Amino acid sequence: MPGATSAIVSELGRLVGPGHVLDAPPSSVYNRDSSNRRALVGRADAVALPGDAQEVAAVVGWCYAHDVPIVPRGGGTGLTGGAVPMQGGVVVSLERLRAVRELEPGLWRLYAEAGVSTRDVQRLARENGLMFAPDPGAAEQSQIGGNVATNAGGPHALKYGVTGAWVAGVEVVLAPGELVQLGGWAGKDVAGYDLKSLLIGSEGTLGVLTAVRLRLLPAPEAAIPLVVFVRTRAEGCALMLELLAAGLRPSVLDFMDAVTLRALAGAYPGEMPAQAGFALICELDGSRTEAEAQRRAVLELMSGPPAQALAVHEPADARALWRWRDGANPAVTAVRGGKVSEDVVFPLECLAEGLERFEELAGEHGLRSCAWGHGGEGNVHATVLVDPSSEAELDAAEAVGEELFALVVQLGGSIAGEHGVGWHKRGRLAAQWDARALELHDQIKRAFDPKGLLNPGKKLAVYPARSLGTSGAGT
Ligand SMILES: Cc1cc2nc3c(=O)[nH]c(=O)nc-3n(C[C@H](O)[C@H](O)[C@H](O)COP(=O)(O)OP(=O)(O)OC[C@H]3O[C@@H](n4cnc5c(N)ncnc54)[C@H](O)[C@@H]3O)c2cc1C
């Protein structure tokens, strides 16, 4: 209904300035995110680019008053369709909220608006001798607000935790359009329920984050990377358990399986052993003395028995190693032209079984698979390789995903480790949570969003998706 869309554009133009409201034709980036799924294109009625938190509140207030859905958008790097306006409405992009409100290196803290990129947060911390530990892979483009909204992880989450562990407080626009502070700089605060934590990982379904208070850490003096090659998946998974049972605390303990290793072999900054069927990518950090002590302990453990590595490499250029590791995504995509990846978690003691059964599931559907991820947490990017032009293969990949979700739940894991639930996995919470816990999710959603307008249809499919044509204003 073009009339309605242009009415929304002109109404919002009065709130944020006419140059800061866009139409969103189907080709617009604001109708997509970074998901590699078919048919994941939204149909936004308009895109609002507010310039500050008050303008975000005004846009949310207007949408709420006119029954128009609100889809918060960060950098659009999400992998589950969370920022895609599947049911129309206004995409509220935080890209103009880029101010750093406070940087207090002596107090190890940073107060940044939601649209500041993850990379800029990391850079500001580093330039001041500090570290912002979360390191999700699309840092140039993702925003700190998006990271908090998805509770993003990354390789260093093993030692340092996911984004939420570093959030002291949030400024958020809540329905029906109020700017509210949750949490703050108090060193301890047990007054009230922990509402801030409800917002963390809420994927835009409870409110629109406009700024976040982040805690930083002094940067570790040393970070030593090691790559451990073993013959088999079973050996690699056993080694990870050995390492943790020995009391070692790597900052990173990632893994790659044989297919991923082969796809990346040419790019490895070193010589990969021909018999390598699994690799652990490990980093040991702390003071120079601590990191060295951990390194020696890992090397001793790897020289077996019971664990015997094929080779342990100590790359001279850590940045080259991380570039190689970050190349996993495009490298496995190139094998057949496409891939469908699921982000799931197995309990660590079930990781070997989970990986093996995932490979079997894919094989039963005639597809090749591969897996890599954050092994120390059992977090797997379980991937099937597809010809993207084959509808039959895409159907088969979806079937593998369904069976994989059932498998992780059966083994006591999670259907979502770090990429969120978004649109792809909506409704799947029912498989993982008890009925009463689901009911509480529903009640929390209703308390924050009585009209069901905040990112409708995402995360919780239990909350009735509204039947929305182009809505409210001007119709
Ligand atoms: C190459 C690549 C590598 C990646 N590696 C990792 C990784 O290692 N670890 C990891 O966890 N993720 C990873 N991701 C996924 C993605 O980068 C994260 O989910 C990231 O946190 C999304 O941030 P964004 O700003 O792009 O959010 P978007 O994609 O724009 O949005 C994601 C969700 O958050 C909501 N949202 C965004 N901003 C706000 C806001 N201000 N207020 C309320 N809700 C909001 C949206 O509505 C949506 O539901 C990767 C993605 C890519 C493409």
# chains A, B, ... in the order shown; residues from 1 in each chain; ligands from 1

$ closest_atom_pairs --of "chain A" --to "ligand 1" --cutoff "7 Å" --atoms "only C-alpha atoms and all ligand atoms" --output "Markdown table"
| residue | atom | partner | partner_atom_place_in_ligand_line | distance |
| --- | --- | --- | --- | --- |
| A:Asp33 | CA | ligand 1 | 29 (O) | 5.9 |
| A:Ser34 | CA | ligand 1 | 53 (C) | 5.4 |
| A:Val71 | CA | ligand 1 | 47 (O) | 5.5 |
| A:Pro72 | CA | ligand 1 | 47 (O) | 4.2 |
| A:Arg73 | CA | ligand 1 | 30 (O) | 4.0 |
| A:Gly74 | CA | ligand 1 | 30 (O) | 3.3 |
| A:Gly75 | CA | ligand 1 | 26 (O) | 3.5 |
| A:Gly76 | CA | ligand 1 | 30 (O) | 3.4 |
| A:Thr77 | CA | ligand 1 | 26 (O) | 3.5 |
| A:Gly78 | CA | ligand 1 | 29 (O) | 3.3 |
| A:Leu79 | CA | ligand 1 | 15 (C) | 5.5 |
| A:Gly82 | CA | ligand 1 | 49 (O) | 3.4 |
| A:Ala83 | CA | ligand 1 | 48 (C) | 4.0 |
| A:Leu94 | CA | ligand 1 | 41 (N) | 5.9 |
| A:Ala114 | CA | ligand 1 | 41 (N) | 5.1 |
| A:Gly115 | CA | ligand 1 | 41 (N) | 6.9 |
| A:Asp135 | CA | ligand 1 | 8 (O) | 6.5 |
| A:Pro136 | CA | ligand 1 | 7 (C) | 3.5 |
| A:Gly137 | CA | ligand 1 | 5 (N) | 3.4 |
| A:Ala138 | CA | ligand 1 | 2 (C) | 4.4 |
| A:Ala139 | CA | ligand 1 | 17 (O) | 6.9 |
| A:Gln141 | CA | ligand 1 | 26 (O) | 6.4 |
| A:Ser142 | CA | ligand 1 | 25 (O) | 3.7 |
| A:Gln143 | CA | ligand 1 | 25 (O) | 3.7 |
| A:Ile144 | CA | ligand 1 | 25 (O) | 6.3 |
| A:Gly145 | CA | ligand 1 | 41 (N) | 4.1 |
| A:Gly146 | CA | ligand 1 | 25 (O) | 3.5 |
| A:Asn147 | CA | ligand 1 | 21 (O) | 3.4 |
| A:Val148 | CA | ligand 1 | 21 (O) | 6.8 |
| A:Ala149 | CA | ligand 1 | 34 (O) | 4.6 |
| A:Thr150 | CA | ligand 1 | 21 (O) | 5.2 |
| A:Asn151 | CA | ligand 1 | 21 (O) | 6.7 |
| A:Ala152 | CA | ligand 1 | 11 (O) | 3.4 |
| A:Gly153 | CA | ligand 1 | 11 (O) | 3.8 |
| A:Gly154 | CA | ligand 1 | 8 (O) | 3.8 |
| A:Pro155 | CA | ligand 1 | 8 (O) | 6.5 |
| A:Glu203 | CA | ligand 1 | 49 (O) | 3.8 |
| A:Gly204 | CA | ligand 1 | 44 (N) | 3.4 |
| A:Gly207 | CA | ligand 1 | 43 (C) | 5.8 |
| A:Val208 | CA | ligand 1 | 42 (N) | 3.8 |
| A:Leu209 | CA | ligand 1 | 42 (N) | 3.7 |
| A:Thr210 | CA | ligand 1 | 41 (N) | 5.6 |
| A:Glu418 | CA | ligand 1 | 11 (O) | 4.2 |
| A:His419 | CA | ligand 1 | 19 (O) | 4.8 |
| A:Gly420 | CA | ligand 1 | 19 (O) | 6.7 |
| A:Gly422 | CA | ligand 1 | 49 (O) | 5.7 |
| A:Asn455 | CA | ligand 1 | 47 (O) | 6.3 |

$ residues_around --residues "range 302-304 of chain A" --least-positions-apart "4" --cutoff "12 Å" --atoms "only C-alpha atoms" --output "list of chain:residue names"
A:Leu226, A:Val227, A:Val228, A:Phe229, A:Val230, A:Glu235, A:Gly236, A:Ala238, A:Leu239, A:Met240, A:Glu242, A:Leu243, A:Ala246, A:Leu280, A:Arg295, A:Arg296, A:Ala297, A:Val298, A:Gln308, A:Ala309, A:Leu310, A:Ala311, A:Val312, A:His313

$ closest_residue --among "A:Asp387, A:Glu393, A:Glu178, A:Asp257" --to "Gly363 in chain A" --atoms "only C-alpha atoms"
A:Glu393

$ residues_around --residues "Ser390 in chain A" --least-positions-apart "2" --cutoff "12 Å" --atoms "only C-alpha atoms" --output "PyMOL selection string"
chain A and resi 38+336-339+367+385-388+392-397

$ write_last_selection --atoms "N, CA and C atoms" --output "PDB file, in the first residue's frame"
ATOM      1  N   ARG A  38      17.374 -18.725   2.132  1.00  0.00           N
ATOM      2  CA  ARG A  38      16.538 -18.272   1.022  1.00  0.00           C
ATOM      3  C   ARG A  38      15.305 -17.554   1.574  1.00  0.00           C
ATOM      4  N   ARG A 336      31.036 -25.674  -2.384  1.00  0.00           N
ATOM      5  CA  ARG A 336      29.929 -26.019  -3.287  1.00  0.00           C
ATOM      6  C   ARG A 336      29.130 -24.785  -3.722  1.00  0.00           C
ATOM      7  N   GLY A 337      29.593 -23.624  -3.369  1.00  0.00           N
ATOM      8  CA  GLY A 337      28.902 -22.403  -3.801  1.00  0.00           C
ATOM      9  C   GLY A 337      27.932 -21.877  -2.764  1.00  0.00           C
ATOM     10  N   GLY A 338      27.578 -22.715  -1.784  1.00  0.00           N
ATOM     11  CA  GLY A 338      26.649 -22.253  -0.757  1.00  0.00           C
ATOM     12  C   GLY A 338      26.764 -23.113   0.485  1.00  0.00           C
ATOM     13  N   LYS A 339      26.168 -22.633   1.562  1.00  0.00           N
ATOM     14  CA  LYS A 339      26.163 -23.414   2.804  1.00  0.00           C
ATOM     15  C   LYS A 339      24.981 -22.974   3.654  1.00  0.00           C
ATOM     16  N   LEU A 367      23.921 -34.965   1.964  1.00  0.00           N
ATOM     17  CA  LEU A 367      24.710 -33.722   1.955  1.00  0.00           C
ATOM     18  C   LEU A 367      26.025 -33.899   2.710  1.00  0.00           C
ATOM     19  N   LEU A 385      26.990 -28.199   3.235  1.00  0.00           N
ATOM     20  CA  LEU A 385      27.474 -27.560   2.009  1.00  0.00           C
ATOM     21  C   LEU A 385      26.457 -27.832   0.909  1.00  0.00           C
ATOM     22  N   VAL A 386      26.006 -26.768   0.262  1.00  0.00           N
ATOM     23  CA  VAL A 386      24.931 -26.933  -0.723  1.00  0.00           C
ATOM     24  C   VAL A 386      25.255 -26.203  -2.023  1.00  0.00           C
ATOM     25  N   ASP A 387      24.576 -26.678  -3.065  1.00  0.00           N
ATOM     26  CA  ASP A 387      24.524 -25.919  -4.319  1.00  0.00           C
ATOM     27  C   ASP A 387      23.340 -24.962  -4.152  1.00  0.00           C
ATOM     28  N   PRO A 388      23.582 -23.648  -4.058  1.00  0.00           N
ATOM     29  CA  PRO A 388      22.489 -22.732  -3.717  1.00  0.00           C
ATOM     30  C   PRO A 388      21.393 -22.666  -4.772  1.00  0.00           C
ATOM     31  N   ALA A 392      16.172 -28.729  -4.041  1.00  0.00           N
ATOM     32  CA  ALA A 392      16.143 -30.005  -3.310  1.00  0.00           C
ATOM     33  C   ALA A 392      17.208 -29.995  -2.214  1.00  0.00           C
ATOM     34  N   GLU A 393      18.382 -29.472  -2.526  1.00  0.00           N
ATOM     35  CA  GLU A 393      19.438 -29.443  -1.504  1.00  0.00           C
ATOM     36  C   GLU A 393      19.096 -28.463  -0.380  1.00  0.00           C
ATOM     37  N   LEU A 394      18.482 -27.340  -0.750  1.00  0.00           N
ATOM     38  CA  LEU A 394      18.109 -26.380   0.295  1.00  0.00           C
ATOM     39  C   LEU A 394      17.032 -26.967   1.204  1.00  0.00           C
ATOM     40  N   ASP A 395      16.090 -27.721   0.603  1.00  0.00           N
ATOM     41  CA  ASP A 395      15.076 -28.409   1.430  1.00  0.00           C
ATOM     42  C   ASP A 395      15.754 -29.406   2.360  1.00  0.00           C
ATOM     43  N   ALA A 396      16.704 -30.169   1.781  1.00  0.00           N
ATOM     44  CA  ALA A 396      17.396 -31.185   2.588  1.00  0.00           C
ATOM     45  C   ALA A 396      18.172 -30.522   3.727  1.00  0.00           C
ATOM     46  N   ALA A 397      18.787 -29.361   3.435  1.00  0.00           N
ATOM     47  CA  ALA A 397      19.556 -28.662   4.473  1.00  0.00           C
ATOM     48  C   ALA A 397      18.632 -28.234   5.617  1.00  0.00           C
TER      49      ALA A 397
END

$ closest_atom_pairs --of "range 169-267 of chain A" --to "range 344-359 of chain A" --cutoff "7 Å" --atoms "only C-alpha atoms" --output "CSV"
residue,atom,partner,partner_atom,distance
A:Arg233,CA,A:Ala352,CA,6.6
A:Ala234,CA,A:Ala352,CA,5.7
A:Cys237,CA,A:Ala352,CA,5.8

$ residues_around --residues "Gln275 in chain A" --least-positions-apart "2" --cutoff "10 Å" --atoms "only C-alpha atoms" --output "PyMOL selection string"
chain A and resi 229-232+258+272-273+277-278+310

$ residues_around --residues "Leu40 in chain A" --least-positions-apart "6" --cutoff "8 Å" --atoms "only C-alpha atoms" --output "PDB file with C-alpha atoms, in the first residue's frame"
ATOM      1  CA  ARG A  32      17.958  -8.045   4.805  1.00  0.00           C
ATOM      2  CA  GLY A  81      16.968 -12.743  10.369  1.00  0.00           C
ATOM      3  CA  VAL A  84      14.727  -8.273   8.889  1.00  0.00           C
ATOM      4  CA  MET A  86       9.366  -9.823   8.005  1.00  0.00           C
TER       5      MET A  86
END

$ atom_distance --atom1 "CA of Val172 in chain A" --atom2 "CA of Glu113 in chain A"
10.5 Å

$ residues_around --residues "range 4-11 of chain A" --least-positions-apart "4" --cutoff "12 Å" --atoms "only C-alpha atoms" --output "number ranges by chain"
A: 15-25, 43-49, 58-59, 62-63, 66-69, 88-91, 469-475
